[in-house]
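Peer 1: Here's a structure for you.
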Amino acid sequence: MFRKIAALYLRVRRDAHILWHALRHPARPVWLLPAVGLIGLYLLSPIDLIPDVLPVIGVVDDLVLIPLVIAWLVRRLPDEVKPAPASGKRAIIEQA
């Protein structure tokens, strides 16, 4: 179970890195900056799909929805905006 959580963490971290790189790229799509702004607004907003006042379920929706939306945005990025794939040992670790 710990391996699955670690793999999920690495994937979310990689997607966040790609998104960060795409935000700073001069050829980024026009829709990217407002989309990332909406993600931040959703995280800070008191209005959620499931309210955060519920002990566990309210936080779990943020932990599930935000990585899904980030992965969805990364899949829609053009290839010229994405960073070059890592080479060597680091690439093997990230694929695990």
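Chain labels A, B, ... are given in the sequence in which chains occur in the structure tokens; within each chain residues are numbered consecutively from 1, and ligands are likewise numbered from 1 in the order shown.
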Could you go through region 17-96 of chain A and tell me which residues DSSP, when run on the backbone, assigns to helix (DSSP H, G or I), listing them as a ChimeraX atom specification?

Peer 2: /A:17-24,32-44,57-75,89-95

Peer 1: Can those selected residues be exported to a file as a compact mmCIF listing (two decimals), in the first residue's frame so that it contains N, CA and C atoms?

Peer 2:
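To be explicit, this is the file written out as part-v2.txt:
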```txt
# COMPACT_ATOMS: atom_id res chain seq x y z
N HIS A 17 5.16 19.66 -11.49
CA HIS A 17 6.38 20.23 -12.06
C HIS A 17 6.16 20.60 -13.53
N ILE A 18 5.51 19.73 -14.28
CA ILE A 18 5.22 20.01 -15.69
C ILE A 18 4.32 21.23 -15.81
N LEU A 19 3.33 21.31 -14.95
CA LEU A 19 2.42 22.46 -14.97
C LEU A 19 3.15 23.75 -14.63
N TRP A 20 4.04 23.70 -13.64
CA TRP A 20 4.83 24.87 -13.26
C TRP A 20 5.72 25.31 -14.43
N HIS A 21 6.35 24.36 -15.08
CA HIS A 21 7.20 24.67 -16.24
C HIS A 21 6.35 25.29 -17.36
N ALA A 22 5.17 24.74 -17.59
CA ALA A 22 4.31 25.25 -18.66
C ALA A 22 3.82 26.67 -18.35
N LEU A 23 3.59 26.97 -17.07
CA LEU A 23 3.16 28.32 -16.71
C LEU A 23 4.22 29.36 -17.02
N ARG A 24 5.49 29.00 -16.91
CA ARG A 24 6.57 29.94 -17.16
C ARG A 24 7.01 29.96 -18.61
N LEU A 32 -4.36 28.33 -19.89
CA LEU A 32 -3.65 27.70 -18.78
C LEU A 32 -3.64 28.55 -17.52
N LEU A 33 -3.35 29.81 -17.63
CA LEU A 33 -3.28 30.67 -16.45
C LEU A 33 -4.63 30.79 -15.73
N PRO A 34 -5.74 31.02 -16.44
CA PRO A 34 -7.03 31.03 -15.73
C PRO A 34 -7.39 29.68 -15.12
N ALA A 35 -7.01 28.58 -15.78
CA ALA A 35 -7.32 27.26 -15.24
C ALA A 35 -6.58 27.01 -13.94
N VAL A 36 -5.30 27.38 -13.88
CA VAL A 36 -4.53 27.21 -12.64
C VAL A 36 -5.05 28.16 -11.57
N GLY A 37 -5.46 29.34 -11.97
CA GLY A 37 -6.07 30.27 -11.01
C GLY A 37 -7.35 29.71 -10.41
N LEU A 38 -8.15 29.03 -11.23
CA LEU A 38 -9.37 28.42 -10.72
C LEU A 38 -9.08 27.26 -9.77
N ILE A 39 -8.00 26.53 -10.03
CA ILE A 39 -7.60 25.47 -9.10
C ILE A 39 -7.24 26.07 -7.75
N GLY A 40 -6.45 27.14 -7.76
CA GLY A 40 -6.10 27.81 -6.51
C GLY A 40 -7.31 28.38 -5.81
N LEU A 41 -8.23 28.93 -6.57
CA LEU A 41 -9.46 29.47 -5.99
C LEU A 41 -10.30 28.37 -5.36
N TYR A 42 -10.35 27.22 -5.99
CA TYR A 42 -11.09 26.09 -5.43
C TYR A 42 -10.47 25.63 -4.12
N LEU A 43 -9.14 25.62 -4.06
CA LEU A 43 -8.47 25.20 -2.82
C LEU A 43 -8.75 26.17 -1.68
N LEU A 44 -8.81 27.47 -1.97
CA LEU A 44 -8.99 28.47 -0.94
C LEU A 44 -10.45 28.79 -0.65
N ILE A 57 -14.20 13.29 5.04
CA ILE A 57 -14.68 13.33 3.66
C ILE A 57 -14.48 14.70 3.03
N GLY A 58 -14.59 15.74 3.81
CA GLY A 58 -14.43 17.09 3.28
C GLY A 58 -13.04 17.39 2.77
N VAL A 59 -12.04 16.77 3.35
CA VAL A 59 -10.66 16.97 2.91
C VAL A 59 -10.32 16.01 1.78
N VAL A 60 -10.91 14.83 1.81
CA VAL A 60 -10.60 13.81 0.80
C VAL A 60 -11.00 14.28 -0.59
N ASP A 61 -12.08 15.03 -0.72
CA ASP A 61 -12.48 15.50 -2.05
C ASP A 61 -11.41 16.42 -2.63
N ASP A 62 -10.78 17.24 -1.79
CA ASP A 62 -9.69 18.09 -2.29
C ASP A 62 -8.47 17.24 -2.67
N LEU A 63 -8.19 16.23 -1.89
CA LEU A 63 -7.03 15.37 -2.16
C LEU A 63 -7.23 14.52 -3.41
N VAL A 64 -8.47 14.33 -3.83
CA VAL A 64 -8.74 13.54 -5.02
C VAL A 64 -8.94 14.44 -6.23
N LEU A 65 -9.73 15.49 -6.09
CA LEU A 65 -10.07 16.33 -7.24
C LEU A 65 -8.90 17.14 -7.78
N ILE A 66 -8.11 17.72 -6.89
CA ILE A 66 -7.01 18.58 -7.35
C ILE A 66 -5.99 17.80 -8.18
N PRO A 67 -5.49 16.64 -7.73
CA PRO A 67 -4.56 15.89 -8.59
C PRO A 67 -5.20 15.44 -9.91
N LEU A 68 -6.50 15.10 -9.88
CA LEU A 68 -7.16 14.72 -11.13
C LEU A 68 -7.22 15.88 -12.12
N VAL A 69 -7.53 17.06 -11.63
CA VAL A 69 -7.61 18.23 -12.51
C VAL A 69 -6.22 18.60 -13.02
N ILE A 70 -5.21 18.52 -12.17
CA ILE A 70 -3.84 18.82 -12.61
C ILE A 70 -3.41 17.84 -13.69
N ALA A 71 -3.68 16.54 -13.51
CA ALA A 71 -3.32 15.54 -14.54
C ALA A 71 -4.09 15.81 -15.83
N TRP A 72 -5.35 16.20 -15.72
CA TRP A 72 -6.15 16.51 -16.90
C TRP A 72 -5.57 17.69 -17.66
N LEU A 73 -5.15 18.73 -16.93
CA LEU A 73 -4.55 19.90 -17.58
C LEU A 73 -3.23 19.54 -18.25
N VAL A 74 -2.42 18.71 -17.60
CA VAL A 74 -1.13 18.32 -18.18
C VAL A 74 -1.34 17.53 -19.46
N ARG A 75 -2.34 16.66 -19.49
CA ARG A 75 -2.61 15.88 -20.71
C ARG A 75 -3.02 16.78 -21.87
N LYS A 89 18.89 7.68 -14.50
CA LYS A 89 18.31 7.00 -13.35
C LYS A 89 17.03 7.68 -12.87
N ARG A 90 16.98 9.00 -12.95
CA ARG A 90 15.80 9.72 -12.48
C ARG A 90 14.57 9.35 -13.29
N ALA A 91 14.71 9.15 -14.61
CA ALA A 91 13.58 8.76 -15.44
C ALA A 91 13.07 7.38 -15.07
N ILE A 92 13.97 6.47 -14.73
CA ILE A 92 13.57 5.13 -14.33
C ILE A 92 12.80 5.19 -13.01
N ILE A 93 13.24 6.00 -12.08
CA ILE A 93 12.56 6.13 -10.80
C ILE A 93 11.17 6.72 -11.00
N GLU A 94 11.03 7.72 -11.86
CA GLU A 94 9.74 8.36 -12.07
C GLU A 94 8.75 7.45 -12.76
N GLN A 95 9.23 6.49 -13.56
CA GLN A 95 8.33 5.58 -14.24
C GLN A 95 7.78 4.51 -13.30
```
